[in-house]
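Okay, so here's the structure we're looking at.
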Amino acid sequence: MTSLFDPLALGPYSLSNRVFLAPMTRGRATADAVPTPRMAKYYAQRASGGLLISEGVQVSPQGVGWQCAPGIWTDEMVEAWKPVPEAVHAAGGRIFMQLWHLGRVSHPDFQNGAAPVGPSAIAAAGESHTPGGKKSYVTPRALKADELPGIVQDFVRGAKNAIAAGFDGIELHAANGYLLDQFIRDGANKRDDDYGGSIENRWRFPLEVAAAVAAAIGAERTGIRVSPTGRYNDMGDADPVGSYTYGAQQLSKLGVVYLHAVEPVPGHMMHNPDGPAVLPALREHFSGIVVTNGGFEAESAAAVLKEGLADAVAFGMPFLANPDLVQRLKTGAEQNAPDFATFYSDTDKGYADYPALA
């Protein structure tokens with residue numbers, strides 16, 4: 001029976017276990033989106049995970065939408081990122097960079113007063129973390145079809161820059177109500193051109209991004225994250241099983257190395273009790289590695305692996321608060337509780353100061 005602590009082959013890499021670090025925004029970059037030295041310490045502390053997936057990393061100024069989240073579009077950013085994979089590798093780990101464009105849930109405060117962009121001119125309910133504090137989302141400007149190739153190239157540049165910085169691969173952020181997810185789901189995409197309407201059309205842009213990135217750095221170094229039934233950032237879809245069955249089939253054809261599905265367990269704050277289980281369809285129709293995430297503990301993670309629904313499980317807040325989570329899961333040791341008040345502060349407190357086991 002497969003366990004969390006069995007090794008896993010992922011593309012060219014042999015991972016030591018199946019406990020992944022989920023991508024989590026921490027807000028420790030500069031106001032100009034440049035990574036800071038403390039980030040290398042944070043990730044290296046968690047290098048015992050089979051694979052670390054970085055926080056979302058913005059691929060362009062247009063994609064910026066979170067105060068003090070990092071970017072990857074300048075040479076300065078590439079140089080500032082280099083200590084992170086270097087430190088993780090020195091500690092025996094592997095790390096992928098998550099590439100992020102916030103789309104409609106950016107804010108004019110990040111865009112020199114201009115409206116953010118999205119597939120359609122539909123505002124999301126909710127608030128943006130801006131330099132001036134939390135502010136309500138605004139109605140985005142619908143992207144023109146001839147703008148999309150430029151955004152594809154922003155993701156390609158981000159992927160190439162991530163590899164140049166020493167990362168082992170990248171994860172495309174197509175989950176949680178950000179730009180790629182906004183195109184996929186019909187609650188946010190009301191277009192009537194080749195990029196809207198049918199399931200095939202709504203997947204067209206995300207698949208163009210995935211294909212271009214895979215061609216640039218190798219499909220074996222390209223993963224993607226989705227949230228088929230997630231409601232975060234005011235998202236929804238009429239047919240998640242049909243949509244993500246198609247997406248899984250097409251991503252499988254592209255040969256991307258893993259499909260990372262956010263499908264929270266009951267009781268998790270992002271669990272959608274009205275949403276169907278989509279993970280079985282992804283498992284059936286995607287031939288690569290399947291990763292799942294969403295409030296798992298040792299027992300529930302072991303169960304999803306036993307059922308064969310996933311090959312690895314990504315942990316968020318437990319890994320945030322427990323740099324040695326792998327050891328704690330293996331031994332059943334008590335876990336540190338996360339300090340919610342320091343999730344997005346600008347110090348090491350609640351970031352790189354959680355104690356490990358003696």
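A note on labels: chains of the structure tokens are A, B, ... as shown, every chain counts residues from 1, and ligands are counted from 1 in their shown order.
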> Taking the backbone alone, and naming residues the way the document does, which bits of range 147-256 of chain A are strand (DSSP E) by DSSP, as a PyMOL selection string?
Replying inline: chain A and resi 169-174+222-226
Can you write out the residues you just picked, keeping C-alpha atoms, as a JSON list (two decimals), in the first residue's frame?
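Result went into part_15.json, see below:
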[["chain", "number", "residue", "atom", "x", "y", "z"],
["A", 169, "GLY", "CA", 10.19, 23.42, -12.41],
["A", 170, "ILE", "CA", 7.04, 25.54, -12.31],
["A", 171, "GLU", "CA", 3.38, 25.22, -11.40],
["A", 172, "LEU", "CA", 0.80, 27.23, -13.35],
["A", 173, "HIS", "CA", -1.74, 28.80, -11.00],
["A", 174, "ALA", "CA", -5.08, 27.97, -12.63],
["A", 222, "THR", "CA", 5.60, 21.84, -15.75],
["A", 223, "GLY", "CA", 2.72, 21.29, -13.32],
["A", 224, "ILE", "CA", -0.66, 23.00, -13.00],
["A", 225, "ARG", "CA", -3.02, 23.71, -10.10],
["A", 226, "VAL", "CA", -6.82, 23.78, -10.44]]
> Can you tell me, as a VMD selection string, what residues are no more than 12 Å from Thr36 in chain A when counting only C-alpha atoms, ignoring any on the same chain fewer than 5 positions away?
Replying inline: chain A and resid 26 to 31 41 to 42 68 to 71 76 to 84 346 to 348
> Which residue gives the smallest distance to Asp353 in chain A among A:Thr2, A:Val213, A:Ile53, A:Arg38, with only C-alpha atoms counted?
Replying inline: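 Among the listed residues, A:Arg38 lies closest to Asp353 in chain A.
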>> I want to know what sits within 8 Å of His285 in chain A, based on only C-alpha atoms, with residues of the same chain fewer than 4 positions away left out; could you give that as an MDAnalysis selection string?
In response: chainID A and resid 245 248:249 252 281
>> Which residues are near Thr229 in chain A? Cut-off 12 Å, only C-alpha atoms, ignore same chain within fewer than 2 positions. Put them as a VMD selection string.
In response: chain A and resid 175 to 177 181 184 to 187 226 to 227 231 to 244 261 to 265 270 to 279 294
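Nearest to Ala352 in chain A of all the residues A:Arg18, A:His89, A:Arg191, A:Arg46 is A:Arg46, based on only C-alpha atoms.
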>> Residues of range 39-176 of chain A classed as alpha helix (DSSP H) by DSSP on the backbone are to be reported as a ChimeraX atom specification.
In response: /A:39-45,75-81,83-90,148-164
>> So, with only C-alpha atoms as the atoms that count, which of A:Asn293, A:Gln62, A:Ser128, A:Gln250 lies closest to Val19 in chain A?
In response: A:Asn293
> Which of these residues is nearest to Leu254 in chain A, using only C-alpha atoms: A:Val59, A:Ala211, A:Leu51, A:Val291?
Replying inline: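 The shortest atom-to-atom distance to Leu254 in chain A comes from A:Ala211.
The residue that comes closest to Ile72 in chain A, out of A:Asn161, A:Ser300, A:Thr331, A:Ser136 and on the basis of only C-alpha atoms, is A:Asn161.
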> So which residues touch Ala114 in chain A within 12 Å, counting only C-alpha atoms, skipping near sequence neighbours fewer than 2 positions away, as number ranges by chain?
Replying inline: A: 61-62, 104, 106-112, 116-117, 138-141
